Structure formats: structure tokens, C-alpha cells
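Asks: Coordinates in upload-v1.csv, CSV, C-alpha atoms, are listed below.
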chain,number,residue,atom,x,y,z
A,1,MET,CA,120.1,110.1,80.3
A,2,ASN,CA,119.8,111.1,76.6
A,3,LYS,CA,116.8,112.6,74.9
A,4,LEU,CA,115.3,109.2,74.0
A,5,ASP,CA,115.5,108.0,77.6
A,6,ASP,CA,113.8,111.2,78.7
A,7,LEU,CA,111.0,110.7,76.2
A,8,ILE,CA,110.5,107.1,77.3
A,9,GLN,CA,110.5,107.9,80.9
A,10,LYS,CA,108.0,110.8,80.4
A,11,LEU,CA,105.6,109.2,77.8
A,12,CYS,CA,105.7,105.5,78.4
A,13,PRO,CA,107.3,104.7,81.8
A,14,ASN,CA,105.1,101.6,82.3
A,15,GLY,CA,106.0,100.0,79.0
A,16,VAL,CA,104.9,100.0,75.4
A,17,GLU,CA,101.8,98.4,73.9
A,18,LYS,CA,102.0,95.9,71.1
A,19,LYS,CA,99.5,96.1,68.2
A,20,LYS,CA,98.7,93.8,65.4
A,21,LEU,CA,100.5,95.0,62.2
A,22,LEU,CA,97.2,94.8,60.2
A,23,ASP,CA,95.6,97.2,62.7
A,24,VAL,CA,98.1,99.9,62.0
A,25,ALA,CA,99.3,99.3,58.4
A,26,GLU,CA,97.9,98.5,55.0
A,27,ILE,CA,99.3,95.6,53.0
A,28,VAL,CA,99.4,95.6,49.2
A,29,TYR,CA,100.5,92.4,47.5
A,30,GLY,CA,102.1,92.6,44.1
A,31,TYR,CA,100.4,92.1,40.7
A,32,ALA,CA,100.7,88.9,38.7
A,33,CYS,CA,102.6,90.6,35.8
A,34,ASP,CA,103.0,88.9,32.4
A,35,ALA,CA,106.6,87.8,32.2
A,36,LYS,CA,106.4,87.9,28.4
A,37,LYS,CA,106.1,91.7,28.6
A,38,TYR,CA,109.3,92.3,30.6
A,39,ASN,CA,112.2,94.1,28.9
A,40,ASN,CA,115.5,95.7,29.8
A,41,GLU,CA,115.1,98.5,27.2
A,42,LYS,CA,113.3,101.0,29.5
A,43,GLN,CA,110.1,100.5,27.6
A,44,GLY,CA,107.0,101.1,29.8
A,45,MET,CA,107.0,101.2,33.6
A,46,PRO,CA,109.8,100.1,35.9
A,47,LEU,CA,109.0,96.7,37.5
A,48,VAL,CA,109.8,95.8,41.1
A,49,ARG,CA,110.6,92.1,41.4
A,50,ILE,CA,112.0,90.1,44.3
A,51,ARG,CA,115.6,90.6,43.1
A,52,ASP,CA,115.1,94.4,43.2
A,53,VAL,CA,113.8,94.8,46.8
A,54,ALA,CA,117.2,94.3,48.4
A,55,ARG,CA,118.9,97.0,46.3
A,56,GLY,CA,115.9,99.4,46.1
A,57,TYR,CA,115.9,100.0,42.3
A,58,THR,CA,115.2,98.0,39.2
A,59,GLU,CA,116.5,97.5,35.7
A,60,THR,CA,113.4,95.6,34.4
A,61,TYR,CA,110.5,97.3,32.7
A,62,THR,CA,107.1,96.1,31.6
A,63,THR,CA,104.7,97.3,28.8
A,64,GLU,CA,101.7,95.8,30.6
A,65,ASP,CA,98.9,98.1,31.7
A,66,VAL,CA,98.7,97.6,35.5
A,67,PRO,CA,96.3,99.4,37.8
A,68,SER,CA,97.8,102.3,39.7
A,69,SER,CA,96.9,100.6,43.0
A,70,TYR,CA,100.0,98.5,42.5
A,71,PHE,CA,102.4,101.4,42.0
A,72,VAL,CA,105.2,102.1,44.5
A,73,GLN,CA,106.7,105.4,45.1
A,74,TYR,CA,110.1,106.6,46.5
A,75,GLY,CA,110.3,105.8,50.2
A,76,ASP,CA,107.6,103.0,50.2
A,77,PHE,CA,108.5,100.0,52.5
A,78,LEU,CA,108.8,96.8,50.4
A,79,VAL,CA,109.3,93.1,51.3
A,80,GLY,CA,110.4,90.2,49.1
A,81,MET,CA,108.3,87.2,49.8
A,82,ASP,CA,110.6,84.4,48.6
A,83,GLY,CA,114.1,83.5,49.6
A,84,ASN,CA,115.6,85.7,52.3
A,85,PHE,CA,112.6,88.0,52.8
A,86,ASN,CA,114.6,91.1,52.1
A,87,SER,CA,113.0,94.4,53.0
A,88,ARG,CA,113.8,98.1,52.5
A,89,ASN,CA,112.5,101.5,51.5
A,90,TRP,CA,112.3,102.0,47.8
A,91,ILE,CA,114.8,104.5,46.4
A,92,GLY,CA,113.9,104.2,42.7
A,93,ASP,CA,111.4,105.9,40.6
A,94,THR,CA,107.6,105.2,40.6
A,95,ALA,CA,107.3,101.5,39.6
A,96,ILE,CA,104.9,98.6,39.5
A,97,LEU,CA,104.9,96.1,42.4
A,98,CYS,CA,105.3,92.6,40.9
A,99,GLN,CA,103.9,89.3,42.4
A,100,ARG,CA,105.7,87.8,45.4
A,101,THR,CA,106.6,91.3,46.7
A,102,CYS,CA,104.4,93.4,49.0
A,103,LYS,CA,104.2,97.0,50.2
A,104,ILE,CA,103.5,97.9,53.8
A,105,SER,CA,102.2,101.4,54.6
A,106,SER,CA,101.1,103.1,57.8
A,107,LYS,CA,97.3,103.6,57.9
A,108,ASP,CA,97.7,106.9,59.8
A,109,GLU,CA,101.1,108.5,59.4
A,110,ASN,CA,100.2,111.3,61.9
A,111,PHE,CA,99.2,109.0,64.7
A,112,TYR,CA,100.3,105.4,64.8
A,113,VAL,CA,103.3,104.1,62.8
A,114,LYS,CA,105.3,106.2,60.4
A,115,ASN,CA,106.6,104.3,57.4
A,116,ARG,CA,110.2,104.9,58.5
A,117,PHE,CA,109.5,103.5,61.9
A,118,LEU,CA,107.9,100.5,60.1
A,119,SER,CA,111.0,99.9,58.0
A,120,HIS,CA,113.3,100.0,61.1
A,121,ILE,CA,111.2,97.7,63.2
A,122,LEU,CA,110.0,95.1,60.6
A,123,GLY,CA,113.3,94.3,59.0
A,124,PRO,CA,114.5,92.0,61.8
A,125,VAL,CA,110.9,90.7,62.2
A,126,PHE,CA,111.0,89.3,58.6
A,127,LYS,CA,114.5,87.9,59.1
A,128,LYS,CA,113.3,86.0,62.2
A,129,ILE,CA,110.3,84.6,60.3
A,130,GLU,CA,112.7,83.5,57.5
A,131,LYS,CA,115.0,81.8,60.1
A,132,ASN,CA,112.2,79.9,61.7
A,133,LYS,CA,110.9,78.6,58.3
A,134,PRO,CA,111.7,74.9,57.6
A,135,SER,CA,114.8,74.6,55.6
A,136,GLY,CA,114.2,73.9,52.0
A,137,THR,CA,115.2,75.0,48.5
A,138,VAL,CA,113.2,78.3,48.6
A,139,LYS,CA,111.4,79.8,51.6
A,140,HIS,CA,108.1,81.6,51.1
A,141,LEU,CA,106.6,84.4,53.2
A,142,LEU,CA,102.9,83.9,53.5
A,143,ALA,CA,100.0,86.3,54.1
A,144,LYS,CA,99.4,84.3,57.3
A,145,ASP,CA,102.9,85.1,58.5
A,146,ILE,CA,102.3,88.8,58.0
A,147,ASN,CA,98.8,88.6,59.5
A,148,ASP,CA,100.3,87.2,62.7
A,149,ILE,CA,102.9,90.0,63.3
A,150,TYR,CA,102.6,92.2,66.4
A,151,ILE,CA,104.9,95.2,66.9
A,152,PRO,CA,105.4,97.7,69.7
A,153,ILE,CA,103.8,101.1,69.2
A,154,PRO,CA,105.6,103.7,71.3
A,155,PRO,CA,104.2,107.3,71.4
A,156,LEU,CA,104.9,109.3,68.3
A,157,PRO,CA,107.7,111.5,69.8
A,158,VAL,CA,109.5,108.3,70.8
A,159,GLN,CA,109.1,107.0,67.2
A,160,GLU,CA,110.4,110.2,65.8
A,161,GLU,CA,113.5,110.2,68.0
A,162,ILE,CA,114.3,106.6,67.1
A,163,ILE,CA,113.8,107.4,63.4
A,164,ARG,CA,116.2,110.4,63.7
A,165,ILE,CA,118.9,108.3,65.3
A,166,LEU,CA,118.6,105.3,63.0
A,167,ASP,CA,118.2,107.3,59.9
A,168,ASN,CA,121.7,108.8,60.5
A,169,PHE,CA,123.0,105.3,60.0
A,170,THR,CA,120.8,104.4,57.0
A,171,GLU,CA,121.5,107.7,55.3
A,172,LEU,CA,125.3,107.0,55.4
A,173,ILE,CA,124.7,103.5,54.2
A,174,ALA,CA,122.5,104.9,51.4
A,175,GLU,CA,125.2,107.4,50.3
A,176,LEU,CA,127.8,104.6,50.2
A,177,THR,CA,125.3,102.4,48.3
A,178,THR,CA,124.6,105.1,45.8
A,179,GLU,CA,128.3,105.7,45.2
A,180,LEU,CA,128.7,101.9,44.7
A,181,THR,CA,125.6,101.7,42.5
A,182,THR,CA,126.7,104.7,40.3
A,183,GLU,CA,130.1,103.3,39.8
A,184,LEU,CA,128.9,99.8,39.0
A,185,ALA,CA,126.2,101.2,36.7
A,186,SER,CA,128.9,103.0,34.8
A,187,ARG,CA,131.0,99.9,34.5
A,188,LYS,CA,128.0,97.8,33.6
A,189,LYS,CA,127.1,100.2,30.7
A,190,GLN,CA,130.6,99.7,29.4
A,191,TYR,CA,130.4,96.0,29.9
A,192,GLU,CA,127.0,95.9,28.1
A,193,TYR,CA,128.2,98.0,25.2
A,194,TYR,CA,131.3,95.9,24.6
A,195,SER,CA,129.5,92.5,25.2
A,196,SER,CA,126.7,93.6,22.8
A,197,ARG,CA,129.3,94.5,20.2
A,198,LEU,CA,131.3,91.4,20.8
A,199,PHE,CA,128.3,89.0,20.6
A,200,THR,CA,126.6,90.6,17.6
A,201,ASP,CA,129.8,91.3,15.6
A,202,THR,CA,130.9,87.7,15.5
A,203,ASN,CA,129.4,87.1,12.1
A,204,SER,CA,128.2,83.8,13.4
A,205,ASN,CA,124.8,82.2,12.9
A,206,LEU,CA,122.6,81.8,16.0
A,207,VAL,CA,122.5,78.2,17.1
A,208,PRO,CA,119.8,76.7,19.4
A,209,LEU,CA,121.3,75.6,22.8
A,210,SER,CA,119.7,72.2,22.3
A,211,LYS,CA,122.3,71.4,19.6
A,212,ILE,CA,125.3,72.2,21.7
A,213,ALA,CA,124.5,71.4,25.3
A,214,LYS,CA,122.9,68.9,27.6
A,215,PHE,CA,120.8,69.7,30.7
A,216,VAL,CA,120.5,68.0,34.1
A,217,TYR,CA,118.2,68.9,37.0
A,218,GLY,CA,119.5,69.1,40.5
A,219,TYR,CA,119.1,67.1,43.7
A,220,THR,CA,116.1,67.3,46.0
A,221,ASP,CA,116.9,67.4,49.8
A,222,LYS,CA,116.3,69.4,52.9
A,223,ALA,CA,118.8,72.2,53.4
A,224,ASN,CA,120.4,72.3,56.8
A,225,ASP,CA,122.7,74.6,58.8
A,226,PHE,CA,125.3,71.7,59.0
A,227,GLY,CA,126.5,69.0,56.8
A,228,ASP,CA,129.6,67.8,54.8
A,229,THR,CA,128.5,69.3,51.5
A,230,ARG,CA,127.2,72.8,50.6
A,231,PHE,CA,123.8,72.8,49.0
A,232,ILE,CA,123.5,75.4,46.3
A,233,ARG,CA,120.0,76.9,45.9
A,234,ILE,CA,118.6,79.7,43.7
A,235,THR,CA,119.2,82.3,46.4
A,236,ASP,CA,122.9,81.4,46.4
A,237,ILE,CA,123.4,83.0,43.0
A,238,ASN,CA,124.3,86.7,43.3
A,239,GLU,CA,123.5,89.5,40.8
A,240,GLN,CA,126.9,89.1,39.1
A,241,GLY,CA,126.3,85.4,38.5
A,242,TYR,CA,128.7,84.2,41.2
A,243,LEU,CA,128.2,82.1,44.3
A,244,ASN,CA,127.1,84.0,47.4
A,245,THR,CA,129.5,83.5,50.3
A,246,GLN,CA,126.8,84.1,53.1
A,247,ASN,CA,123.8,82.1,54.3
A,248,SER,CA,125.3,78.8,53.2
A,249,LYS,CA,123.2,75.7,53.7
A,250,TYR,CA,124.4,72.1,53.7
A,251,ILE,CA,123.5,68.4,53.3
A,252,MET,CA,125.1,65.1,54.0
A,253,LEU,CA,126.5,63.6,50.8
A,254,ASN,CA,125.1,60.3,49.7
A,255,ASP,CA,125.2,58.2,46.4
A,256,ASP,CA,122.3,60.0,44.9
A,257,ALA,CA,123.6,63.5,45.8
A,258,LYS,CA,127.0,62.6,44.2
A,259,LYS,CA,125.3,62.7,40.8
A,260,SER,CA,124.7,66.5,41.4
A,261,LEU,CA,128.2,67.4,42.6
A,262,LEU,CA,129.6,70.5,40.9
A,263,ASN,CA,133.0,70.9,39.3
A,264,LYS,CA,134.9,74.2,38.9
A,265,GLY,CA,133.6,76.0,35.8
A,266,ASP,CA,130.2,74.4,35.8
A,267,LEU,CA,127.1,76.3,34.8
A,268,ILE,CA,123.8,76.2,36.7
A,269,MET,CA,120.7,78.2,36.0
A,270,ALA,CA,117.6,79.1,38.1
A,271,ARG,CA,114.6,77.6,36.4
A,272,THR,CA,111.8,78.9,38.5
A,273,GLY,CA,110.6,82.0,40.4
A,274,ALA,CA,111.4,85.6,40.0
A,275,THR,CA,115.0,85.0,39.3
A,276,TYR,CA,114.5,82.5,36.5
A,277,GLY,CA,117.2,82.5,33.9
A,278,LYS,CA,119.9,83.8,36.3
A,279,THR,CA,123.1,81.7,35.6
A,280,LEU,CA,125.9,80.8,38.0
A,281,TYR,CA,129.5,80.3,36.9
A,282,PHE,CA,130.7,77.9,39.6
A,283,ASP,CA,134.2,79.2,40.5
A,284,SER,CA,134.8,77.5,43.9
A,285,ASP,CA,136.9,74.6,45.2
A,286,GLU,CA,134.2,73.8,47.8
A,287,GLN,CA,132.4,70.5,47.6
A,288,CYS,CA,128.9,71.5,46.5
A,289,VAL,CA,125.6,69.9,45.3
A,290,TYR,CA,123.0,71.9,43.4
A,291,ALA,CA,119.3,71.8,44.2
A,292,SER,CA,116.4,70.6,42.1
A,293,PHE,CA,115.2,74.1,41.2
A,294,LEU,CA,118.4,74.6,39.3
A,295,ILE,CA,119.5,73.1,35.9
A,296,LYS,CA,123.1,72.2,35.1
A,297,ILE,CA,124.0,73.3,31.6
A,298,ILE,CA,126.7,71.0,30.1
A,299,PRO,CA,128.1,72.5,26.8
A,300,ASP,CA,129.8,70.4,24.2
A,301,LYS,CA,133.3,71.5,24.9
A,302,GLN,CA,134.3,71.0,21.2
A,303,LYS,CA,131.8,73.8,20.3
A,304,LEU,CA,131.0,76.0,23.3
A,305,ASN,CA,133.2,77.6,26.0
A,306,ASN,CA,131.4,77.6,29.4
A,307,LYS,CA,132.5,81.1,30.3
A,308,PHE,CA,131.5,82.3,26.8
A,309,TYR,CA,127.9,81.1,27.5
A,310,TRP,CA,127.9,82.6,31.0
A,311,HIS,CA,128.9,86.1,29.6
A,312,PHE,CA,126.2,85.6,27.0
A,313,THR,CA,123.5,85.1,29.7
A,314,LYS,CA,124.2,88.7,30.8
A,315,THR,CA,123.3,90.3,27.5
A,316,SER,CA,120.0,91.7,26.2
A,317,LEU,CA,120.1,89.1,23.4
A,318,TYR,CA,119.8,86.4,26.0
A,319,TRP,CA,117.2,88.1,28.2
A,320,GLU,CA,115.0,89.1,25.3
A,321,GLN,CA,114.7,85.4,24.4
A,322,ALA,CA,114.3,84.2,28.0
A,323,ASN,CA,111.5,86.7,28.8
A,324,LYS,CA,109.6,85.5,25.8
A,325,LEU,CA,110.1,81.8,26.5
A,326,VAL,CA,109.3,81.7,30.2
A,327,SER,CA,106.0,80.3,31.1
A,328,ASN,CA,103.2,82.8,31.7
A,329,GLY,CA,101.7,82.0,35.2
A,330,GLY,CA,101.8,82.9,38.9
A,331,GLN,CA,105.3,81.3,39.3
A,332,PRO,CA,107.5,81.8,36.3
A,333,GLN,CA,109.0,78.5,34.9
A,334,PHE,CA,112.0,78.4,32.7
A,335,ASN,CA,112.6,74.7,32.3
A,336,THR,CA,114.6,72.6,29.9
A,337,PRO,CA,112.1,72.8,27.0
A,338,ALA,CA,112.4,76.6,27.1
A,339,LEU,CA,116.1,76.7,27.7
A,340,LYS,CA,116.8,74.4,24.7
A,341,GLN,CA,115.3,77.1,22.4
A,342,ILE,CA,117.8,79.8,23.5
A,343,LYS,CA,119.9,80.8,20.5
A,344,ILE,CA,123.5,81.8,20.8
A,345,PRO,CA,126.1,83.1,18.3
A,346,LEU,CA,128.8,80.4,17.9
A,347,PRO,CA,132.1,81.6,16.6
A,348,SER,CA,135.2,79.5,16.8
A,349,LEU,CA,136.5,78.4,20.2
A,350,GLU,CA,139.5,80.7,19.7
A,351,GLU,CA,137.2,83.7,19.1
A,352,GLN,CA,135.1,82.6,22.0
A,353,GLN,CA,138.1,82.7,24.3
A,354,ARG,CA,139.2,86.1,23.0
A,355,ILE,CA,135.7,87.5,23.9
A,356,VAL,CA,135.9,85.8,27.3
A,357,ASP,CA,139.3,87.4,28.0
A,358,ILE,CA,138.0,90.9,27.2
A,359,LEU,CA,134.8,90.6,29.3
A,360,ASP,CA,136.6,88.9,32.2
A,361,ARG,CA,138.8,92.1,32.4
A,362,PHE,CA,135.7,94.2,32.8
A,363,ASP,CA,134.3,91.8,35.3
A,364,LYS,CA,137.4,91.9,37.4
A,365,LEU,CA,137.5,95.7,37.3
A,366,CYS,CA,133.9,95.9,38.6
A,367,ASN,CA,134.7,93.5,41.4
A,368,ASN,CA,137.9,95.4,42.5
A,369,ILE,CA,136.0,98.7,42.6
A,370,SER,CA,133.1,97.3,44.7
A,371,GLU,CA,135.2,95.4,47.3
A,372,GLY,CA,136.3,98.4,49.2
A,373,LEU,CA,132.9,100.1,49.2
A,374,LEU,CA,131.1,96.8,50.1
A,375,ALA,CA,133.4,96.4,53.2
A,376,GLU,CA,132.6,99.9,54.4
A,377,ILE,CA,128.8,99.3,53.8
A,378,GLU,CA,129.0,96.1,55.7
A,379,SER,CA,130.7,97.8,58.7
A,380,ARG,CA,128.1,100.6,58.8
A,381,GLN,CA,125.3,98.0,58.5
A,382,LYS,CA,126.5,96.1,61.5
A,383,GLN,CA,126.6,99.4,63.5
A,384,TYR,CA,123.1,100.2,62.4
A,385,GLU,CA,121.8,96.7,63.4
A,386,TYR,CA,123.4,97.0,66.8
A,387,TYR,CA,121.8,100.3,67.7
A,388,ARG,CA,118.5,99.3,66.1
A,389,ASP,CA,118.2,96.2,68.3
A,390,LYS,CA,118.9,98.3,71.4
A,391,LEU,CA,116.6,101.2,70.5
A,392,LEU,CA,113.6,99.0,69.5
A,393,THR,CA,113.6,96.8,72.6
A,394,PHE,CA,110.9,98.2,74.8
A,395,LYS,CA,109.5,97.1,78.2
A,396,PRO,CA,106.1,95.5,77.5
A,397,LEU,CA,102.9,96.7,79.3
A,398,GLU,CA,101.7,94.3,82.0
A,399,GLU,CA,98.9,93.0,79.7
A,400,ASP,CA,101.4,92.2,77.0
A,401,LYS,CA,103.5,90.0,79.2
Any chance you could give the structure as C-alpha cells?
Replies:
Amino acid sequence: MNKLDDLIQKLCPNGVEKKKLLDVAEIVYGYACDAKKYNNEKQGMPLVRIRDVARGYTETYTTEDVPSSYFVQYGDFLVGMDGNFNSRNWIGDTAILCQRTCKISSKDENFYVKNRFLSHILGPVFKKIEKNKPSGTVKHLLAKDINDIYIPIPPLPVQEEIIRILDNFTELIAELTTELTTELASRKKQYEYYSSRLFTDTNSNLVPLSKIAKFVYGYTDKANDFGDTRFIRITDINEQGYLNTQNSKYIMLNDDAKKSLLNKGDLIMARTGATYGKTLYFDSDEQCVYASFLIKIIPDKQKLNNKFYWHFTKTSLYWEQANKLVSNGGQPQFNTPALKQIKIPLPSLEEQQRIVDILDRFDKLCNNISEGLLAEIESRQKQYEYYRDKLLTFKPLEEDK
């Protein structure tokens, strides 16, 4: 019998009491930040958006004056409230908590639930809530969902031993993630430097996208676990602008859905939510239909190379425009009228292809570097989840049965 078994036998042999999360933790919901004040130039305070929760750091800043009650510090436990309900402890600098994210903190760290224990036990809870939500384009975590959460509260020495065991796994994952992040950040700086030079040194006038492209909204349907056609949603676009290979959803193809079938090389953009403006270059042979919260961008092939535009959407020149054009409200909207106003340099098709070839090489280099580290991180994550599920399964008290 190991130390944890000894502690459980000694301190809670008859089971562990469950308590309502709100009784042992404080919840802070994010601030409705003004999207027009976002920037990627490190001006103002770092801003935690939904896209940042999963990785634990941000590259977005805001110049808005936000009350300190919405600040997050290193180690705070955060949850993204749209999409996959990702959660983790923050590893970045002091930052502002943006709308549709929340912070969960122990009310009494010395008695009930330590923040680290919260992070270990609540991660799978939120994933279960996400799984039980009706399938749709985007799932939303509601305050009611959080209010209804009950968690086991073992004695503090038991919590501390569980934290010690599980932190050994998470620290290794964090080290690997830091290594990956550092390497990718270095490559990204190189990419941004060369892309900025390439897009600004073309000696081309900026042309509104409305003059060189058409725009088509996606198909509305209920996403399912099974079907004959993959259903591409906002959450299926990864940080690099490629298609996620996990958590796929499907529909049954019909005549209406056929109008939204994707071809290899197509461009689709997220038009709403925290990840507005994120653009996918569809590079798959899989039969796919894109959802209605996405817009298909169809460039005039005589004037604009699809891949050239996709690389452009990764530049500060694009994002400075997008952040100014997005609607200012609770749920950011970046629809066709705004998208049409995006201006892009337009050199010859030959010059566009030369730029694409250069930036594709950087992109491939980043992917090759990350593949090995990602495989190791995934392996360690599976080990962590296995032991976490075993360690956090307690015998309930009689009254909890």
C-alpha cells in the first residue's frame, strides 16, 4: 500500500464528501473587451482569449483600461467557455481575462481546495459537460453548467499527495511544451520577419478584397459523431491555419449541403466568436462541408493566389485591419461586409507564387520541428490522464450515494 492509500485509509476510510463547486471556489467571468483595441504589437496588457487558454499564453494585447479584478496571474486556473471547453493553469505573464473565458480560484487555499487540485479534478469535468452538449456548430459553457458542478473534497493531505503525483506528469508536459513553444516562437519570428518584408516590399498598391474575391456562407446542420461527410466548424481550424485531425464531426450529405463542399486549396474563415478572422487553407482529400459560421473566400484566380492570401492572413498587416473592422459587441462578428474591406498587396501572380514558395518552406520547417515534440507530449498526456482518473476516483460517503 503506497502513501496515498495509507492517507485515504487513515483520513477518509468511509468515503469522500462531495461539495458544490461554488461553495469552495470563486468564479470570475471575463471582461467584454473592445476588439477594436486589440493589437499584436505588445502595446498595453496581454489579453487572454479563448484561443489562449489551451496553450497558457497569449500573443494578443489590448490598450483598454480594464479593472484589476479581471487580471489573471501565473498559475491561475482558466476555462474557455466556447468550443471544446479547454482548461489549464495560466503560464504567461499577468494578463486581462477576456469575455467567454473564466477563472476559478479556491476560496480557502489552506483548507478546502487548492488551485492545483482544482485544475486536476475539473479538467475532465468540463470535457464531460462538453461531450453531453447537443452537437452544433459551436458549444457554449454556461454559468448554469458551472453552478451545477459538484466535486469530491478529500482531506488536505490527500489532496497534496495527489497534487504531488500528478504534478510530476504535468511538469514534464510543461517542459516539453515550453521547448516546443520556444522553438516555434523562434521560427514564427523568422516567418513574421520575412512575411512582413515580402508583403510590404512588393511595391504593389493595396487592393480591397471585394474587388478580387467572392464570399459564400456555409451550411447549417447539426454536427454528429457519424455521417458520410465531415462537417468543418470554427473549432476545426488550428493555430497554424490547417485542419484539425481530432474531434471530427459529420453530417449526411444532401443536395443543399453539396453547395458547401470543399475542394483542395479552398479558403474558409471564421466569421464570429473569439477566433474571428482565423483562416483555413483546406489541404485535405476528405469529403467535407463547411458550417454556417464560416465564410468561403473565392479569389479571382486571374488576380489572386489562394495560398498567397492565406499567408497574408498571418501577417500584422491583415490583423491590424481585422481588429479594426470587427464589430464591437459581446460576440465579435467579422462578416462579409467587413471582410470585403480588407486590403491586400497585389503583385503579379508570378511574384505571388515566389512569395508562397518562400513562406511554405518556413511553414514546413516549423511543422517538421513540432511533430516529434508533439508526439512525446501526447504520450505523456495520455499517461497523465490515466493516473489522474485513477487517483481522483473516490468512494462516496453514504449520504452522497
Asks: For a test of reading the model, state the distance in Å between CA of Ile268 (chain A) and CA of Phe308 (chain A), rounded to one decimal.
Replies: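 Interatomic distance here is 13.9 Å.
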Asks: List as CSV every residue of region 81-181 of chain A that is in contact with region 375-383 of chain A, defined as an atom at most 9 Å from one of its atoms (using only C-alpha atoms), together with the nearest atom pair and the distance in Å rounded to one decimal, sorted by chain and then rising number.
Replies:
residue,atom,partner,partner_atom,distance
A:Phe169,CA,A:Arg380,CA,7.0
A:Thr170,CA,A:Gln381,CA,8.0
A:Leu172,CA,A:Arg380,CA,7.8
A:Ile173,CA,A:Ile377,CA,5.9
A:Ala174,CA,A:Ile377,CA,8.8
A:Leu176,CA,A:Ile377,CA,6.5
A:Thr177,CA,A:Ile377,CA,7.2
Asks: When you draw a straight line from CA of Glu350 (chain A) to CA of Gln302 (chain A), how long is it in Å?
Replies: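 Distance between the two atoms: 11.1 Å.
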Asks: Do you know which residues are at most 9 Å from Asn238 (chain A) counting only C-alpha atoms, after dropping those on the same chain fewer than 5 positions away, and could you put them as a list in words?
Replies: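 Listed by chain and then number, they are Leu243, Asn244, Lys278 and Leu280 of chain A.
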Asks: Looking at only C-alpha atoms, which of A:Glu17, A:Leu7, A:Gly273, A:Met45 is the one that sits closest to Met81 (chain A)?
Replies: A:Gly273
Asks: So which residues fall inside 8 Å of (96.3, 96.6, 49.5) if we count all atoms listed in the file? Mind giving them as a ChimeraX atom specification?
Replies: /A:26-29,69,103
Asks: Let's have the selection written as a compact mmCIF listing (two decimals), in the coordinates of the input, with C-alpha atoms.
Replies:
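The result, stored in again29.txt:
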# COMPACT_ATOMS: atom_id res chain seq x y z
CA GLU A 26 97.90 98.50 55.00
CA ILE A 27 99.30 95.60 53.00
CA VAL A 28 99.40 95.60 49.20
CA TYR A 29 100.50 92.40 47.50
CA SER A 69 96.90 100.60 43.00
CA LYS A 103 104.20 97.00 50.20
